[in-house]
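Down below is the structure, laid out as C-alpha cells.
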Amino acid sequence: MRVLSGIQPTGNLHLGNYLGAIRNWVKMQDEMDADSQCFFFLADMHSITVHEAREQRIRNVRDMAAALVAAGIDPDRSVLFNQARVPAHAELCWLLNGTARIGWLNRMTQFKDKAGKDREGASVGLFVYPVLQAADILAYNATHVPVGEDQKQHLELARDIAAKFNSDFGVDLFTLPDPIIPKESARIMSLRDGSAKMSKSDPSDMSRINLTDDDDAIMAKVKKAKSDQEMLPETAAGLAGRPEASNLVGILATLTARTPDAVCAEFAGKGFGAFKPALGEVLVETLRPIRQRFLELRTDDAALDAILDKGAAKAAAAAEPTLRAAYDAMGLMR
Ligand code: TYM
C-alpha cells in the first residue's frame with residue numbers, strides 16, 4: 001500500500017481540510033504496516049496558479065508544514081515534503097502533457113469554478129493543474145489517495161492518464177490510484193452559505209474555522225454561523241432541504257464519531273441556540289491542542305526546513321525509478 005496526498009499551502013488549514021482529508025492521512029499513517037508507505041506533500045507548485053508575493057509563499061509552506069505536523073503527521077514515519085524540492089513532479093507532468101487530452105481537461109469542474117467567466121484570462125497553469133496532480137500521484141505509484149469529495153474528478157483523470165500512457169507505450173508502468181473519501185465529512189460547507197464548500201479562498205473569514213483560530217474566535221464563528229429557525233428533528237432525514245443545519249449536524253457527528261441520526265436524537269426538539277454552544281465546545285476542545293502544537297512548531301523555521309529537506313530526499317529517491325522508466329518508455333534519452 002502506498003498512500004499519497006497533497007494540500008495547497010495557500011492560506012490556513014481549515015476545518016474542511018482537516019475533516020475531509022488530514023484526519024484520514026493521520027489515521028492511515030497510524031494504521032500503516034511495515035510494507036506500506038505514506039507520502040504527504042505541500043502542493044506549492046500547484047499554488048503558483050494563485051499570485052503570491054515571494055515572502056508570503058515562503059511563509060505559507062512553513063505554515064502548512066507546521067500545521068500538518070501539529071495535526072498528527074509524523075515526519076519520521078511519513079515522508080513529508082514540498083513539491084518544489086522534488087523536480088520529478090514537474091518533469092513527469094511535462095511527459096504526461098503528451099498523454100492528457102484537452103477534452104478531458106475541459107471537463108474539469110474545478111477549472112471551470114476557479115476560472116469563472118474569464119476563461120481566456122486564466123493561467124495555463126490553472127488549466128493543466130490536474131496533469132501535475134496526476135504526476136504527483138503516478139510518480140510514486142500511489143495506490144490510495146485520501147482526499148475530500150472535491151478531488152474525486154481529478155483522481156479519475158489521474159486514472160485515465162495512467163491507463164492511456166500504459167496502453168499507448170505498451171507498458172505496465174503506472175498504478176491506477178484509488179481515492180479514499182470519508183463518508184460523513186467529504187464535503188464540509190461554508191458557515192455562511194450551506195451551498196458553498198468551506199474554502200481557503202472564500203473572502204469571508206467567518207465562513208471557515210481555521211486551525212489557528214483561538215477559542216473565542218471558534219465560538220464566535222459557530223454562534224454566528226448561518227442556521228435556521230426550526231428545531232432539530234428526531235432523525236437526520238428531517239434535515240432535508242436545510243443545508244446549513246445539515247452541515248452543522250454533520251460537523252458535530254464527525255467530531256464526536258457518531259452518526260447524524262444520533263446527533264439529531266440528542267438535540268431533537270431543541271433549537272440552534274442550544275446546539276451551537278455544544279458544537280463550539282467540541283470544536284474548541286478538538287482544535288486547541290493542534291493550535292498549541294502549531295504555534296510551538298512555528299517558532300523554529302530551521303527545524304521545519306530540515307523536515308522538508310529530509311522528506312524531499314526520500315521522495316526524490318522514491319519517484320526516480322518511475323520517472324526514469326517513463327522517459328525510457330517514451331524513448332527519451334535522459
Ligand atoms: P486543497 O489544498 O484544496 O485541499 C486539501 C484537501 O482538503 C480537502 N478539502 C475538503 N474536504 C472536505 N470539505 C471541504 N470543504 C474541503 N476543502 C478541501 C480536499 O479535497 C483535499 O483532499 N489539488 C489538491 C492538492 C493536490 C493533491 C495532489 C491531492 C495536489 N496534488 C495529489 C491529492 C493527490 C488541492 O488543491 O487540495
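A note on labels: chains of the C-alpha cells are A, B, ... as shown, every chain counts residues from 1, and ligands are counted from 1 in their shown order.
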
- Query: If you count only C-alpha atoms and all ligand atoms, which residues end up within 9 Å of ligand 1, as a ChimeraX atom specification?
  - Reply: /A:4-10,13-22,40-47,83,129-130,132-137,145-152,154-155,179,181-182,185-190,196-200,208

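Each of A:Asp300, A:Ala88, A:Ala67, A:Ala220 was compared to A:Arg324 using only C-alpha atoms, and A:Ala88 turns out to be the nearest.
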
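For A:Asn12, the list of residues within 9 Å, based on only C-alpha atoms and with local chain neighbours fewer than 5 positions off taken out, reads Asn60, Asp63, Met64, Ala67, Lys200, Asn210, Leu211 and Thr212 of chain A.
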
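One finds atom CA of A:Ala303 at 15.3 Å from atom CA of A:Val79.
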
Within 8 Å of stretch 249-259 of chain A, counting only C-alpha atoms, which residues show up once you throw out same-chain ones fewer than 3 positions away? Write them as a PDB file with C-alpha atoms, in the first residue's frame, please.
ATOM      1  CA  LEU A  19     -12.143  16.651   8.474  1.00  0.00           C
ATOM      2  CA  GLU A 184     -19.528  11.712   6.638  1.00  0.00           C
ATOM      3  CA  SER A 185     -17.159  14.658   6.136  1.00  0.00           C
ATOM      4  CA  ILE A 188     -17.744  20.448   4.798  1.00  0.00           C
ATOM      5  CA  ALA A 245     -28.466  22.734   9.584  1.00  0.00           C
ATOM      6  CA  SER A 246     -27.226  19.541   7.886  1.00  0.00           C
ATOM      7  CA  ALA A 262     -27.506  10.042  16.829  1.00  0.00           C
ATOM      8  CA  VAL A 263     -26.770  13.789  16.987  1.00  0.00           C
ATOM      9  CA  CYS A 264     -30.354  14.607  15.950  1.00  0.00           C
ATOM     10  CA  LEU A 279     -20.787  22.279  18.791  1.00  0.00           C
ATOM     11  CA  VAL A 282     -16.367  20.264  20.936  1.00  0.00           C
ATOM     12  CA  LEU A 283     -14.586  22.245  18.233  1.00  0.00           C
ATOM     13  CA  THR A 286     -10.573  19.331  19.355  1.00  0.00           C
TER      14      THR A 286
END

- Note on the structure: atom CA of A:Tyr327 sits from atom CA of A:Leu95 at a separation of 7.7 Å

- atom CA of A:Ala316 and atom CA of A:Phe81 are how many Å apart? 9.9 Å

- Task: If you run DSSP over the backbone, which residues in stretch 29-259 of chain A end up strand (DSSP E)? Put them as a PyMOL selection string.
- Result: chain A and resi 37-42+79-82+144-146+178-180

Can I get the selected residues back with N, CA, C and O atoms, as a PDB file, in the first residue's frame?
ATOM      1  N   GLN A  37       3.793   2.649   2.854  1.00  0.00           N
ATOM      2  CA  GLN A  37       4.494   3.926   2.994  1.00  0.00           C
ATOM      3  C   GLN A  37       3.516   5.063   2.763  1.00  0.00           C
ATOM      4  O   GLN A  37       2.611   4.931   1.924  1.00  0.00           O
ATOM      5  N   CYS A  38       3.695   6.148   3.490  1.00  0.00           N
ATOM      6  CA  CYS A  38       2.816   7.312   3.300  1.00  0.00           C
ATOM      7  C   CYS A  38       3.645   8.505   2.824  1.00  0.00           C
ATOM      8  O   CYS A  38       4.701   8.804   3.392  1.00  0.00           O
ATOM      9  N   PHE A  39       3.133   9.188   1.817  1.00  0.00           N
ATOM     10  CA  PHE A  39       3.763  10.406   1.291  1.00  0.00           C
ATOM     11  C   PHE A  39       2.757  11.540   1.393  1.00  0.00           C
ATOM     12  O   PHE A  39       1.656  11.430   0.842  1.00  0.00           O
ATOM     13  N   PHE A  40       3.110  12.593   2.089  1.00  0.00           N
ATOM     14  CA  PHE A  40       2.223  13.756   2.175  1.00  0.00           C
ATOM     15  C   PHE A  40       3.027  14.991   1.784  1.00  0.00           C
ATOM     16  O   PHE A  40       4.165  15.172   2.230  1.00  0.00           O
ATOM     17  N   PHE A  41       2.426  15.821   0.945  1.00  0.00           N
ATOM     18  CA  PHE A  41       3.242  16.948   0.469  1.00  0.00           C
ATOM     19  C   PHE A  41       2.432  18.239   0.364  1.00  0.00           C
ATOM     20  O   PHE A  41       1.204  18.241   0.319  1.00  0.00           O
ATOM     21  N   LEU A  42       3.197  19.327   0.335  1.00  0.00           N
ATOM     22  CA  LEU A  42       2.620  20.657   0.162  1.00  0.00           C
ATOM     23  C   LEU A  42       2.705  20.965  -1.317  1.00  0.00           C
ATOM     24  O   LEU A  42       3.801  20.937  -1.903  1.00  0.00           O
ATOM     25  N   VAL A  79       6.608  10.408   4.765  1.00  0.00           N
ATOM     26  CA  VAL A  79       7.510  11.284   4.011  1.00  0.00           C
ATOM     27  C   VAL A  79       6.760  12.602   3.801  1.00  0.00           C
ATOM     28  O   VAL A  79       5.738  12.640   3.121  1.00  0.00           O
ATOM     29  N   LEU A  80       7.251  13.665   4.434  1.00  0.00           N
ATOM     30  CA  LEU A  80       6.584  14.976   4.364  1.00  0.00           C
ATOM     31  C   LEU A  80       7.506  15.943   3.616  1.00  0.00           C
ATOM     32  O   LEU A  80       8.664  16.125   4.000  1.00  0.00           O
ATOM     33  N   PHE A  81       6.994  16.542   2.560  1.00  0.00           N
ATOM     34  CA  PHE A  81       7.876  17.386   1.734  1.00  0.00           C
ATOM     35  C   PHE A  81       7.054  18.397   0.960  1.00  0.00           C
ATOM     36  O   PHE A  81       5.828  18.342   0.944  1.00  0.00           O
ATOM     37  N   ASN A  82       7.757  19.325   0.300  1.00  0.00           N
ATOM     38  CA  ASN A  82       7.066  20.239  -0.609  1.00  0.00           C
ATOM     39  C   ASN A  82       7.508  19.920  -2.037  1.00  0.00           C
ATOM     40  O   ASN A  82       8.674  19.605  -2.294  1.00  0.00           O
ATOM     41  N   HIS A 144      -3.433   4.434  -2.802  1.00  0.00           N
ATOM     42  CA  HIS A 144      -4.552   5.029  -2.061  1.00  0.00           C
ATOM     43  C   HIS A 144      -4.324   6.526  -1.892  1.00  0.00           C
ATOM     44  O   HIS A 144      -3.263   6.930  -1.411  1.00  0.00           O
ATOM     45  N   VAL A 145      -5.323   7.324  -2.251  1.00  0.00           N
ATOM     46  CA  VAL A 145      -5.175   8.781  -2.180  1.00  0.00           C
ATOM     47  C   VAL A 145      -6.322   9.363  -1.344  1.00  0.00           C
ATOM     48  O   VAL A 145      -7.448   9.518  -1.838  1.00  0.00           O
ATOM     49  N   PRO A 146      -6.063   9.634  -0.062  1.00  0.00           N
ATOM     50  CA  PRO A 146      -7.119  10.193   0.797  1.00  0.00           C
ATOM     51  C   PRO A 146      -7.382  11.673   0.501  1.00  0.00           C
ATOM     52  O   PRO A 146      -6.493  12.501   0.675  1.00  0.00           O
ATOM     53  N   ASP A 178      -6.614   4.621  -6.173  1.00  0.00           N
ATOM     54  CA  ASP A 178      -7.993   4.675  -5.658  1.00  0.00           C
ATOM     55  C   ASP A 178      -8.161   5.862  -4.715  1.00  0.00           C
ATOM     56  O   ASP A 178      -7.364   6.010  -3.781  1.00  0.00           O
ATOM     57  N   PRO A 179      -9.189   6.683  -4.930  1.00  0.00           N
ATOM     58  CA  PRO A 179      -9.438   7.764  -3.960  1.00  0.00           C
ATOM     59  C   PRO A 179     -10.023   7.176  -2.672  1.00  0.00           C
ATOM     60  O   PRO A 179     -10.790   6.225  -2.731  1.00  0.00           O
ATOM     61  N   ILE A 180      -9.622   7.738  -1.539  1.00  0.00           N
ATOM     62  CA  ILE A 180     -10.205   7.348  -0.250  1.00  0.00           C
ATOM     63  C   ILE A 180     -10.938   8.586   0.255  1.00  0.00           C
ATOM     64  O   ILE A 180     -10.313   9.573   0.647  1.00  0.00           O
TER      65      ILE A 180
END

- Enumerate as JSON, numbers by chain all residues of stretch 5-36 of chain A assigned to helix (DSSP H, G or I) by DSSP on the backbone, naming them with the chain letters and numbers the document uses. {"A": [15, 16, 17, 18, 19, 20, 21, 22, 23, 24, 25, 26, 27, 28, 29, 30]}

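Remark: for A:Glu320, the closest of the candidate residues A:Arg242, A:Lys114, A:Arg119, A:His89 is A:His89 (distances computed over only C-alpha atoms).
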
- Quick one: residues within 7 Å of A:Glu244, only C-alpha atoms counted, chain neighbours fewer than 6 positions away excluded, as a PyMOL selection string? chain A and resi 193-194+226-227

Those selected residues, please, written with N, CA and C atoms and delivered as a PDB file, in the first residue's frame.
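Output file out36.pdb follows:
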ATOM      1  N   ASP A 193     -22.844  29.894   4.077  1.00  0.00           N
ATOM      2  CA  ASP A 193     -23.660  29.520   2.928  1.00  0.00           C
ATOM      3  C   ASP A 193     -23.584  27.995   2.760  1.00  0.00           C
ATOM      4  N   GLY A 194     -24.674  27.330   3.079  1.00  0.00           N
ATOM      5  CA  GLY A 194     -24.688  25.861   3.068  1.00  0.00           C
ATOM      6  C   GLY A 194     -24.586  25.243   1.696  1.00  0.00           C
ATOM      7  N   LYS A 226     -24.560  30.625   9.861  1.00  0.00           N
ATOM      8  CA  LYS A 226     -25.934  30.660   9.355  1.00  0.00           C
ATOM      9  C   LYS A 226     -26.631  29.352   9.746  1.00  0.00           C
ATOM     10  N   SER A 227     -27.869  29.456  10.260  1.00  0.00           N
ATOM     11  CA  SER A 227     -28.632  28.238  10.562  1.00  0.00           C
ATOM     12  C   SER A 227     -30.073  28.530  10.166  1.00  0.00           C
TER      13      SER A 227
END
